[in-house]
>>> print(open('coords-v9.csv').read())   # CSV, C-alpha atoms
chain,number,residue,atom,x,y,z
A,1,MET,CA,95.0,99.8,125.8
A,2,GLU,CA,92.0,100.4,123.6
A,3,PRO,CA,90.0,103.7,124.0
A,4,ASP,CA,86.6,103.8,125.5
A,5,VAL,CA,85.5,106.3,122.9
A,6,ILE,CA,85.8,106.3,119.1
A,7,ASP,CA,85.5,109.6,117.2
A,8,PRO,CA,87.5,109.9,114.0
A,9,GLY,CA,86.6,113.6,113.6
A,10,ILE,CA,84.9,113.1,110.2
A,11,SER,CA,83.0,116.4,110.4
A,12,GLY,CA,86.2,118.3,110.7
A,13,LEU,CA,87.8,116.9,107.6
A,14,GLN,CA,87.8,119.5,104.8
A,15,ASP,CA,88.1,117.1,101.9
A,16,GLU,CA,84.7,115.6,100.9
A,17,ARG,CA,86.2,112.6,99.4
A,18,LEU,CA,88.2,111.9,102.5
A,19,ARG,CA,85.1,112.3,104.7
A,20,ARG,CA,83.3,109.7,102.6
A,21,GLU,CA,86.3,107.3,102.8
A,22,VAL,CA,86.8,107.6,106.5
A,23,TRP,CA,83.0,107.2,107.2
A,24,ILE,CA,83.0,104.0,105.0
A,25,GLU,CA,85.9,102.5,106.9
A,26,THR,CA,84.7,103.6,110.3
A,27,VAL,CA,81.3,101.9,110.0
A,28,ALA,CA,82.6,98.9,108.0
A,29,PRO,CA,82.1,96.5,111.0
A,30,ILE,CA,78.4,97.4,111.0
A,31,TRP,CA,77.5,98.2,107.4
A,32,THR,CA,78.8,98.4,103.9
A,33,ALA,CA,78.0,102.1,103.4
A,34,ALA,CA,77.6,103.7,99.9
A,35,PRO,CA,77.3,107.5,100.2
A,36,ASP,CA,75.1,109.2,97.6
A,37,ARG,CA,77.5,111.0,95.3
A,38,THR,CA,74.7,112.7,93.3
A,39,ALA,CA,73.5,115.0,96.2
A,40,ALA,CA,73.7,118.7,95.5
A,41,SER,CA,75.2,119.5,98.9
A,42,PRO,CA,78.6,118.4,100.1
A,43,TRP,CA,78.4,115.0,101.7
A,44,GLN,CA,78.7,115.2,105.5
A,45,ALA,CA,79.0,112.7,108.4
A,46,SER,CA,80.0,112.2,112.0
A,47,PHE,CA,80.5,109.2,114.3
A,48,ARG,CA,81.0,108.9,118.0
A,49,GLY,CA,81.0,105.5,119.8
A,50,TRP,CA,81.1,104.7,123.5
A,51,LYS,CA,81.8,101.5,125.4
A,52,VAL,CA,79.1,101.3,128.0
A,53,GLY,CA,79.8,98.4,130.3
A,54,GLY,CA,79.1,95.3,128.2
A,55,ILE,CA,77.3,97.2,125.4
A,56,HIS,CA,78.0,100.0,122.9
A,57,LEU,CA,76.2,103.2,122.0
A,58,TYR,CA,76.8,105.0,118.7
A,59,LYS,CA,75.8,108.6,117.8
A,60,THR,CA,75.9,109.2,114.1
A,61,TYR,CA,75.0,111.7,111.4
A,62,SER,CA,75.2,111.1,107.7
A,63,SER,CA,74.1,112.6,104.4
A,64,PRO,CA,72.0,110.4,102.0
A,65,GLN,CA,73.4,106.9,101.5
A,66,THR,CA,72.6,103.2,101.3
A,67,VAL,CA,73.8,100.8,103.9
A,68,GLU,CA,73.9,97.0,103.6
A,69,ARG,CA,75.0,94.1,105.8
A,70,THR,CA,75.8,91.5,103.2
A,71,ARG,CA,76.0,87.7,103.5
A,72,SER,CA,79.8,88.0,103.0
A,73,GLN,CA,80.1,90.6,105.7
A,74,VAL,CA,78.0,88.5,108.1
A,75,ALA,CA,80.3,85.5,107.4
A,76,THR,CA,83.5,87.5,107.7
A,77,LEU,CA,82.8,89.5,110.8
A,78,ALA,CA,80.9,86.7,112.6
A,79,VAL,CA,79.6,88.7,115.5
A,80,ASP,CA,76.5,87.5,117.4
A,81,HIS,CA,75.0,90.8,118.4
A,82,VAL,CA,71.8,92.7,118.0
A,83,TYR,CA,71.8,96.3,116.7
A,84,LEU,CA,69.0,98.7,117.7
A,85,GLN,CA,69.0,101.8,115.6
A,86,GLN,CA,66.9,104.9,116.1
A,87,HIS,CA,66.8,107.7,113.5
A,88,LEU,CA,66.0,111.0,115.3
A,89,THR,CA,65.6,113.0,112.1
A,90,GLY,CA,65.4,112.5,108.3
A,91,HIS,CA,63.8,110.0,105.9
A,92,SER,CA,65.0,106.5,105.7
A,93,SER,CA,63.8,103.0,105.0
A,94,VAL,CA,64.6,99.3,105.5
A,95,GLU,CA,64.0,96.5,103.0
A,96,VAL,CA,61.6,93.9,104.2
A,97,ALA,CA,60.5,91.0,101.9
A,98,SER,CA,61.7,92.9,98.8
A,99,ASP,CA,59.8,96.1,99.8
A,100,GLU,CA,61.4,99.2,101.3
A,101,GLN,CA,59.4,100.2,104.4
A,102,ALA,CA,59.7,103.7,105.8
A,103,ILE,CA,61.3,104.4,109.2
A,104,PRO,CA,59.6,107.4,110.8
A,105,ALA,CA,61.7,109.6,113.1
A,106,GLY,CA,61.8,108.1,116.6
A,107,THR,CA,61.2,104.6,115.4
A,108,ILE,CA,63.7,101.9,116.5
A,109,VAL,CA,64.7,99.2,114.0
A,110,LEU,CA,66.1,95.9,115.3
A,111,VAL,CA,68.8,94.3,113.2
A,112,ASP,CA,70.2,90.8,113.9
A,113,MET,CA,73.8,91.2,112.9
A,114,ALA,CA,73.9,87.5,112.0
A,115,GLN,CA,71.5,88.2,109.1
A,116,PRO,CA,71.7,90.4,105.9
A,117,VAL,CA,69.8,93.7,105.7
A,118,PHE,CA,69.6,96.7,103.4
A,119,GLY,CA,68.6,100.3,104.2
A,120,ARG,CA,68.5,103.6,102.5
A,121,SER,CA,68.3,107.3,103.6
A,122,THR,CA,67.1,109.9,101.1
A,123,THR,CA,68.0,112.9,103.4
A,124,SER,CA,70.5,113.6,106.1
A,125,VAL,CA,69.9,111.4,109.2
A,126,ASP,CA,70.7,111.9,112.8
A,127,GLY,CA,70.8,108.6,114.7
A,128,THR,CA,71.6,106.8,117.9
A,129,SER,CA,72.2,103.1,118.1
A,130,LEU,CA,72.8,100.3,120.6
A,131,CYS,CA,74.9,97.2,120.0
A,132,ILE,CA,74.1,94.4,122.4
A,133,PRO,CA,75.4,90.8,122.6
A,134,ARG,CA,72.6,88.3,121.9
A,135,ARG,CA,73.4,86.4,125.1
A,136,LEU,CA,72.2,89.4,127.2
A,137,PHE,CA,68.6,89.1,126.0
A,138,ASP,CA,66.3,87.4,128.4
A,139,SER,CA,64.8,84.0,127.5
A,140,ARG,CA,61.4,85.5,127.8
A,141,VAL,CA,62.1,87.5,124.7
A,142,GLY,CA,62.4,84.2,122.7
A,143,GLU,CA,64.7,84.0,119.7
A,144,VAL,CA,65.5,87.6,119.1
A,145,GLY,CA,66.6,86.8,115.5
A,146,ARG,CA,62.9,86.5,114.6
A,147,LEU,CA,62.6,90.2,115.2
A,148,HIS,CA,65.2,91.0,112.5
A,149,ARG,CA,64.2,94.2,110.6
A,150,SER,CA,61.2,94.8,113.0
A,151,ARG,CA,60.2,98.4,113.6
A,152,PHE,CA,59.2,99.7,117.0
A,153,ALA,CA,57.3,103.0,116.7
A,154,ARG,CA,57.9,105.5,119.5
A,155,THR,CA,54.1,106.1,119.7
A,156,GLY,CA,53.2,102.4,119.5
A,157,ASN,CA,53.9,101.3,123.1
A,158,PRO,CA,54.9,103.0,126.4
A,159,LEU,CA,58.0,100.8,126.6
A,160,ASN,CA,59.0,101.8,123.0
A,161,LYS,CA,58.9,105.4,124.1
A,162,LEU,CA,60.9,104.6,127.2
A,163,LEU,CA,63.7,103.0,125.3
A,164,SER,CA,63.6,105.8,122.7
A,165,ASP,CA,64.0,108.5,125.3
A,166,HIS,CA,66.6,106.5,127.2
A,167,MET,CA,68.8,106.2,124.1
A,168,ARG,CA,68.5,109.9,123.4
A,169,ASN,CA,69.4,110.8,127.0
A,170,MET,CA,72.4,108.3,127.2
A,171,GLN,CA,74.3,110.0,124.4
A,172,ASP,CA,74.2,113.3,126.3
A,173,CYS,CA,75.7,112.0,129.5
A,174,LEU,CA,78.3,109.4,128.6
A,175,ASP,CA,81.2,111.8,128.1
A,176,THR,CA,80.9,112.9,131.8
A,177,SER,CA,80.1,109.5,133.3
A,178,ASP,CA,82.7,107.3,135.0
A,179,GLU,CA,83.2,103.5,134.5
A,180,ALA,CA,80.9,102.5,137.4
A,181,GLN,CA,78.1,104.8,136.2
A,182,ARG,CA,78.5,103.3,132.7
A,183,THR,CA,78.2,99.8,134.0
A,184,MET,CA,75.0,100.7,135.8
A,185,LEU,CA,73.7,102.4,132.6
A,186,ALA,CA,74.4,99.2,130.6
A,187,THR,CA,72.5,97.1,133.1
A,188,ALA,CA,69.5,99.5,133.0
A,189,THR,CA,69.6,99.7,129.2
A,190,VAL,CA,69.5,95.9,128.7
A,191,SER,CA,66.7,95.6,131.2
A,192,ILE,CA,64.6,98.2,129.2
A,193,CYS,CA,65.4,96.4,126.0
A,194,ASN,CA,64.2,93.1,127.4
A,195,ALA,CA,61.1,94.7,128.8
A,196,MET,CA,60.3,96.2,125.4
A,197,LEU,CA,60.9,93.0,123.4
A,198,THR,CA,59.1,90.6,125.7
A,199,PRO,CA,55.7,89.7,124.2
A,200,ALA,CA,52.7,91.0,126.2
A,201,SER,CA,51.2,87.6,126.1
A,202,ASP,CA,54.3,85.9,127.5
A,203,SER,CA,53.9,85.0,131.1
A,204,ALA,CA,54.5,82.0,133.4
A,205,TYR,CA,50.9,81.0,132.7
A,206,ASN,CA,51.3,81.1,128.9
A,207,ARG,CA,52.5,77.5,128.6
A,208,PRO,CA,52.8,77.4,124.8
A,209,ALA,CA,55.1,80.4,124.8
A,210,VAL,CA,57.2,79.0,127.7
A,211,VAL,CA,57.5,75.6,125.9
A,212,ALA,CA,58.6,77.3,122.7
A,213,ILE,CA,61.4,79.1,124.6
A,214,GLU,CA,62.4,75.9,126.3
A,215,ILE,CA,62.6,74.0,123.0
A,216,ARG,CA,64.9,76.6,121.5
A,217,GLN,CA,67.1,76.6,124.5
A,218,PHE,CA,67.3,72.8,124.4
A,219,ILE,CA,68.3,72.9,120.7
A,220,GLU,CA,71.0,75.5,121.5
A,221,ALA,CA,72.4,73.3,124.3
A,222,ASN,CA,72.5,70.2,122.1
A,223,LEU,CA,73.7,71.4,118.7
A,224,GLY,CA,76.6,68.9,118.9
A,225,ARG,CA,74.3,65.9,118.9
A,226,SER,CA,74.0,64.4,115.4
A,227,ASP,CA,70.7,62.9,116.4
A,228,LEU,CA,69.1,66.2,117.3
A,229,GLY,CA,65.8,66.5,115.4
A,230,VAL,CA,62.0,66.3,115.5
A,231,GLU,CA,61.9,62.9,117.2
A,232,MET,CA,64.2,63.9,120.0
A,233,LEU,CA,62.2,67.1,120.6
A,234,CYS,CA,58.9,65.3,120.6
A,235,ALA,CA,60.2,62.7,123.1
A,236,ARG,CA,61.9,65.3,125.3
A,237,PHE,CA,58.9,67.6,125.6
A,238,GLY,CA,56.0,65.1,125.2
A,239,LEU,CA,54.7,66.7,122.1
A,240,SER,CA,53.4,65.3,118.8
A,241,ARG,CA,55.0,66.4,115.5
A,242,THR,CA,52.3,68.9,114.6
A,243,PRO,CA,53.0,71.6,117.3
A,244,VAL,CA,56.7,71.2,116.8
A,245,TYR,CA,56.4,71.8,113.1
A,246,ALA,CA,54.1,74.8,113.7
A,247,LEU,CA,56.6,76.3,116.1
A,248,PHE,CA,59.4,76.4,113.5
A,249,GLU,CA,57.2,77.2,110.4
A,250,ALA,CA,58.4,80.8,110.2
A,251,ASP,CA,62.0,79.5,110.4
A,252,GLY,CA,61.6,77.3,107.3
A,253,GLY,CA,61.1,74.1,109.4
A,254,VAL,CA,62.7,72.4,112.4
A,255,MET,CA,65.7,71.0,110.6
A,256,THR,CA,66.4,74.3,108.8
A,257,TYR,CA,66.4,76.1,112.1
A,258,ILE,CA,68.7,73.5,113.7
A,259,ARG,CA,71.0,73.7,110.6
A,260,ASN,CA,71.2,77.5,110.8
A,261,ARG,CA,72.0,77.5,114.5
A,262,ARG,CA,74.7,74.8,113.9
A,263,LEU,CA,76.3,76.9,111.2
A,264,ALA,CA,76.1,80.0,113.3
A,265,GLN,CA,78.0,78.2,116.1
A,266,ALA,CA,80.5,76.9,113.6
A,267,MET,CA,81.1,80.4,112.2
A,268,ARG,CA,81.8,81.7,115.8
A,269,MET,CA,84.2,78.8,116.4
A,270,LEU,CA,86.1,79.2,113.1
A,271,SER,CA,86.4,82.9,113.5
A,272,GLY,CA,87.7,82.6,117.1
A,273,VAL,CA,84.8,84.4,118.6
A,274,GLU,CA,83.9,81.2,120.5
A,275,GLU,CA,86.3,78.6,121.7
A,276,GLY,CA,86.3,75.5,119.5
A,277,PRO,CA,88.5,72.7,118.0
A,278,PRO,CA,91.6,73.9,116.0
A,279,ARG,CA,90.7,71.9,112.9
A,280,VAL,CA,87.7,72.4,110.6
A,281,SER,CA,86.8,68.7,110.9
A,282,GLY,CA,86.7,69.1,114.7
A,283,VAL,CA,84.4,72.1,114.4
A,284,ALA,CA,82.1,70.1,112.0
A,285,TYR,CA,81.8,67.2,114.5
A,286,ALA,CA,81.4,69.6,117.5
A,287,CYS,CA,78.4,71.2,115.7
A,288,GLY,CA,76.6,68.0,115.0
A,289,TYR,CA,77.9,67.1,111.5
A,290,GLU,CA,78.9,63.5,111.0
A,291,ASN,CA,81.2,64.2,108.0
A,292,LEU,CA,83.3,67.1,106.8
A,293,LYS,CA,81.9,67.1,103.2
A,294,SER,CA,78.3,67.7,104.2
A,295,PHE,CA,79.4,70.4,106.7
A,296,SER,CA,81.6,72.2,104.2
A,297,LYS,CA,78.8,72.1,101.6
A,298,ALA,CA,76.2,73.5,104.0
A,299,PHE,CA,78.5,76.1,105.3
A,300,HIS,CA,79.4,77.4,101.9
A,301,ALA,CA,75.8,77.5,100.8
A,302,HIS,CA,74.8,79.5,103.8
A,303,TYR,CA,77.7,82.0,104.1
A,304,GLY,CA,79.2,81.9,100.6
A,305,VAL,CA,82.7,81.1,101.9
A,306,ASN,CA,84.5,77.8,102.6
A,307,PRO,CA,85.0,77.0,106.3
A,308,ARG,CA,88.8,76.8,105.9
A,309,ASP,CA,88.8,80.4,104.4
A,310,VAL,CA,87.0,82.1,107.2
A,311,GLY,CA,88.9,85.3,108.2
A,312,THR,CA,91.3,85.1,105.2
A,313,GLY,CA,91.7,88.2,103.1
A,314,HIS,CA,89.2,90.3,105.1
A,315,ARG,CA,91.5,92.4,107.3
A,316,VAL,CA,91.0,96.1,107.7
A,317,ASP,CA,93.9,98.1,106.4
A,318,ALA,CA,96.3,98.9,109.2
A,319,TYR,CA,95.9,102.7,108.8
A,320,ARG,CA,92.1,102.5,109.1
A,321,GLU,CA,92.3,102.4,112.9
A,322,ASN,CA,88.8,103.5,113.7
A,323,GLY,CA,87.1,100.7,111.9
A,324,ALA,CA,89.6,98.2,113.3
A,325,THR,CA,89.0,99.4,116.8
A,326,LEU,CA,85.2,99.2,116.4
A,327,MET,CA,85.6,95.7,115.1
A,328,SER,CA,87.7,94.8,118.1
A,329,TRP,CA,85.1,96.3,120.4
A,330,MET,CA,82.4,94.1,118.8
A,331,LYS,CA,84.6,91.0,119.1
A,332,ASP,CA,85.1,91.7,122.7
A,333,LEU,CA,81.4,92.2,123.6
>>> encode(input="coords-v9.csv", output="structure tokens")
Amino acid sequence: MEPDVIDPGISGLQDERLRREVWIETVAPIWTAAPDRTAASPWQASFRGWKVGGIHLYKTYSSPQTVERTRSQVATLAVDHVYLQQHLTGHSSVEVASDEQAIPAGTIVLVDMAQPVFGRSTTSVDGTSLCIPRRLFDSRVGEVGRLHRSRFARTGNPLNKLLSDHMRNMQDCLDTSDEAQRTMLATATVSICNAMLTPASDSAYNRPAVVAIEIRQFIEANLGRSDLGVEMLCARFGLSRTPVYALFEADGGVMTYIRNRRLAQAMRMLSGVEEGPPRVSGVAYACGYENLKSFSKAFHAHYGVNPRDVGTGHRVDAYRENGATLMSWMKDL
């Protein structure tokens, strides 16, 4: 039986090299971490993670480092979750459009784990983070992936502060809570996240916002149809091409959005996260591709790996149990 808590005891390791090594392996399912080896002080870190119902909470501390979620890592790990990270102390930044933007203490950063991201800390940082499956976000939030690398200042909105305080308080009570209490905590946490992320302008009377959500839900439900495209959407929702094009402009266009969602579904099937056909060709057809060649080409261009090679050669070493356990947790969310 897997534990409900992960704590590799990094802070108690006397050897600095070993501390760095265990930290890197422990957080590998989340980031590719690169501790700063030039710092004057010995490099320190700690990690404690909890299963909280259907979500996770992580309490972390680390000396200066860079962290990156690479395209290869996204392809290999193939988890469809959202990571909400709050730095309580220290100086850090996240790369947005080739520019590193500061993350003030108390600010929550949203990371779509299906997309690459790069971050840096120049001081020691205390943090608390949530890992939540994408499926738990309410449809009123819209496509949560569009919020990738967004920052939510603690002082920017009452709901931002509510989630910030909630995350801080959770980490102090989990060790003494029972399973039933953790389940209730998970439900409350997801509700607060949904409330914070729902646009203020989104309501039952905001018809354009509602239609936008309905269109994305329709696409998600019909990825296996090879004829899914602009014409089908226009006919289904009674719209001209112009508003449909405008809706997906930020995603690179309608067909780019559909292709990316198909490839994401294929990755989940190939990696075993989502049930799918046993053969690559079957996955291609199930995700709306009419021939294997075009699917393989698109998949490799997006993820940098061939469909048939997904999961090959990317296993965590057997003795790195903490990273392997965390990865298992994420796969089970």
>>> closest_atom_pairs(input="coords-v9.csv", of="range 125-214 of chain A", to="range 81-87 of chain A", cutoff="6 Å", atoms="all atoms listed in the file", output="tab-separated table")
residue	atom	partner	partner_atom	distance
A:Asp126	CA	A:His87	CA	5.8
A:Gly127	CA	A:His87	CA	4.3
A:Thr128	CA	A:Gln86	CA	5.4
A:Ser129	CA	A:Gln85	CA	4.3
A:Leu130	CA	A:Leu84	CA	5.0
A:Cys131	CA	A:Tyr83	CA	4.6
A:Ile132	CA	A:Val82	CA	5.2
A:Pro133	CA	A:His81	CA	4.2
A:Arg134	CA	A:His81	CA	4.9
>>> closest_residue(input="coords-v9.csv", among="A:Asp227, A:Asp4, A:Glu100, A:Glu21", to="Gly49 in chain A", atoms="only C-alpha atoms")
A:Asp4
>>> residues_around(input="coords-v9.csv", residues="Lys161 in chain A", least_positions_apart="4", cutoff="12 Å", atoms="all atoms listed in the file", output="list in words")
Gln86, Gly106, Thr107, Ile108, Phe152, Ala153, Arg154, Thr155, Gly156, Asn157, Asp165, His166, Met167, Arg168, Ile192, Cys193, Ala195 and Met196 of chain A
>>> closest_atom_pairs(input="coords-v9.csv", of="range 141-196 of chain A", to="range 256-272 of chain A", cutoff="12 Å", atoms="only C-alpha atoms", output="JSON lines")
{"residue": "A:Glu143", "atom": "CA", "partner": "A:Arg261", "partner_atom": "CA", "distance": 11.1}
{"residue": "A:Gly145", "atom": "CA", "partner": "A:Arg261", "partner_atom": "CA", "distance": 10.8}
{"residue": "A:Arg146", "atom": "CA", "partner": "A:Tyr257", "partner_atom": "CA", "distance": 11.3}
>>> closest_residue(input="coords-v9.csv", among="A:Leu147, A:Ser92, A:Thr198, A:Gly238", to="Leu159 in chain A", atoms="all atoms listed in the file")
A:Thr198
>>> closest_residue(input="coords-v9.csv", among="A:Asn222, A:Asn160, A:Ser11, A:Asn306", to="Gly288 in chain A", atoms="only C-alpha atoms")
A:Asn222
>>> closest_residue(input="coords-v9.csv", among="A:Val211, A:Ile219, A:Ile6, A:Leu77", to="Thr32 in chain A", atoms="all atoms listed in the file")
A:Leu77
>>> closest_residue(input="coords-v9.csv", among="A:Phe299, A:Phe118, A:Tyr245, A:Phe218", to="Arg69 in chain A", atoms="only C-alpha atoms")
A:Phe118
>>> closest_residue(input="coords-v9.csv", among="A:Cys173, A:Val5, A:Leu110, A:Val305", to="Trp329 in chain A", atoms="all atoms listed in the file")
A:Val5
>>> residues_around(input="coords-v9.csv", residues="Thr38 in chain A", least_positions_apart="4", cutoff="10 Å", atoms="only C-alpha atoms", output="JSON, numbers by chain")
{"A": [42, 43, 64]}
>>> residues_near_point(input="coords-v9.csv", point="(62.2, 100.5, 103.3)", cutoff="10 Å", atoms="only C-alpha atoms", output="list in words")
His91, Ser92, Ser93, Val94, Glu95, Val96, Ala97, Ser98, Asp99, Glu100, Gln101, Ala102, Ile103, Phe118, Gly119, Arg120, Ser121 and Arg149 of chain A
>>> atom_distance(input="coords-v9.csv", atom1="CA of Val310 in chain A", atom2="CA of Pro35 in chain A")
28.1 Å
>>> atom_distance(input="coords-v9.csv", atom1="CA of Met113 in chain A", atom2="CA of His56 in chain A")
14.0 Å
>>> residues_around(input="coords-v9.csv", residues="Ser63 in chain A", least_positions_apart="2", cutoff="8 Å", atoms="only C-alpha atoms", output="VMD selection string")
chain A and resid 35 to 36 43 to 45 61 65 121 123 to 125
>>> write_last_selection(input="coords-v9.csv", atoms="C-alpha atoms", output="short mmCIF file (atom, residue, chain, number, x, y, z; two decimals), in the frame of the given file")
data_model
loop_
_atom_site.label_atom_id
_atom_site.label_comp_id
_atom_site.auth_asym_id
_atom_site.auth_seq_id
_atom_site.Cartn_x
_atom_site.Cartn_y
_atom_site.Cartn_z
CA PRO A 35 77.30 107.50 100.20
CA ASP A 36 75.10 109.20 97.60
CA TRP A 43 78.40 115.00 101.70
CA GLN A 44 78.70 115.20 105.50
CA ALA A 45 79.00 112.70 108.40
CA TYR A 61 75.00 111.70 111.40
CA GLN A 65 73.40 106.90 101.50
CA SER A 121 68.30 107.30 103.60
CA THR A 123 68.00 112.90 103.40
CA SER A 124 70.50 113.60 106.10
CA VAL A 125 69.90 111.40 109.20
#
>>> atom_distance(input="coords-v9.csv", atom1="CA of Arg140 in chain A", atom2="CA of Pro243 in chain A")
19.3 Å
>>> decode(input="coords-v9.csv", residues="range 261-312 of chain A", atoms="C-alpha atoms", output="compact mmCIF listing (two decimals), in the first residue's frame")
# COMPACT_ATOMS: atom_id res chain seq x y z
CA ARG A 261 -6.41 18.55 -27.71
CA ARG A 262 -6.30 15.44 -29.92
CA LEU A 263 -2.60 14.99 -29.28
CA ALA A 264 -3.08 15.48 -25.54
CA GLN A 265 -5.74 12.77 -25.56
CA ALA A 266 -3.46 10.49 -27.58
CA MET A 267 -0.64 11.01 -25.10
CA ARG A 268 -2.90 10.04 -22.21
CA MET A 269 -3.99 6.89 -24.06
CA LEU A 270 -0.49 5.86 -25.09
CA SER A 271 0.89 6.35 -21.58
CA GLY A 272 -1.93 4.38 -19.99
CA VAL A 273 -3.35 7.34 -18.07
CA GLU A 274 -6.56 7.04 -20.07
CA GLU A 275 -8.02 3.84 -21.49
CA GLY A 276 -7.51 3.49 -25.23
CA PRO A 277 -6.81 1.05 -28.08
CA PRO A 278 -3.76 -1.21 -27.62
CA ARG A 279 -2.13 -0.25 -30.94
CA VAL A 280 -0.77 3.14 -32.01
CA SER A 281 -2.90 3.04 -35.16
CA GLY A 282 -6.00 2.52 -33.04
CA VAL A 283 -5.11 5.51 -30.88
CA ALA A 284 -4.62 7.63 -34.00
CA TYR A 285 -8.07 6.77 -35.33
CA ALA A 286 -9.68 7.18 -31.89
CA CYS A 287 -8.27 10.71 -31.75
CA GLY A 288 -9.64 11.77 -35.13
CA TYR A 289 -6.67 11.03 -37.42
CA GLU A 290 -7.48 9.26 -40.67
CA ASN A 291 -4.00 7.82 -41.20
CA LEU A 292 -1.11 6.77 -38.99
CA LYS A 293 1.56 8.74 -40.87
CA SER A 294 -0.02 12.16 -40.31
CA PHE A 295 -0.69 11.29 -36.65
CA SER A 296 2.90 10.18 -36.01
CA LYS A 297 4.28 13.29 -37.69
CA ALA A 298 2.05 15.65 -35.67
CA PHE A 299 2.73 13.78 -32.41
CA HIS A 300 6.50 13.91 -32.86
CA ALA A 301 6.40 17.61 -33.81
CA HIS A 302 4.41 18.43 -30.67
CA TYR A 303 6.10 16.21 -28.08
CA GLY A 304 9.50 15.44 -29.60
CA VAL A 305 8.95 11.69 -29.26
CA ASN A 306 7.44 9.05 -31.53
CA PRO A 307 4.08 7.60 -30.42
CA ARG A 308 5.48 4.08 -30.26
CA ASP A 309 8.25 5.24 -27.89
CA VAL A 310 6.08 6.84 -25.24
CA GLY A 311 7.15 5.59 -21.82
CA THR A 312 10.30 3.89 -23.10
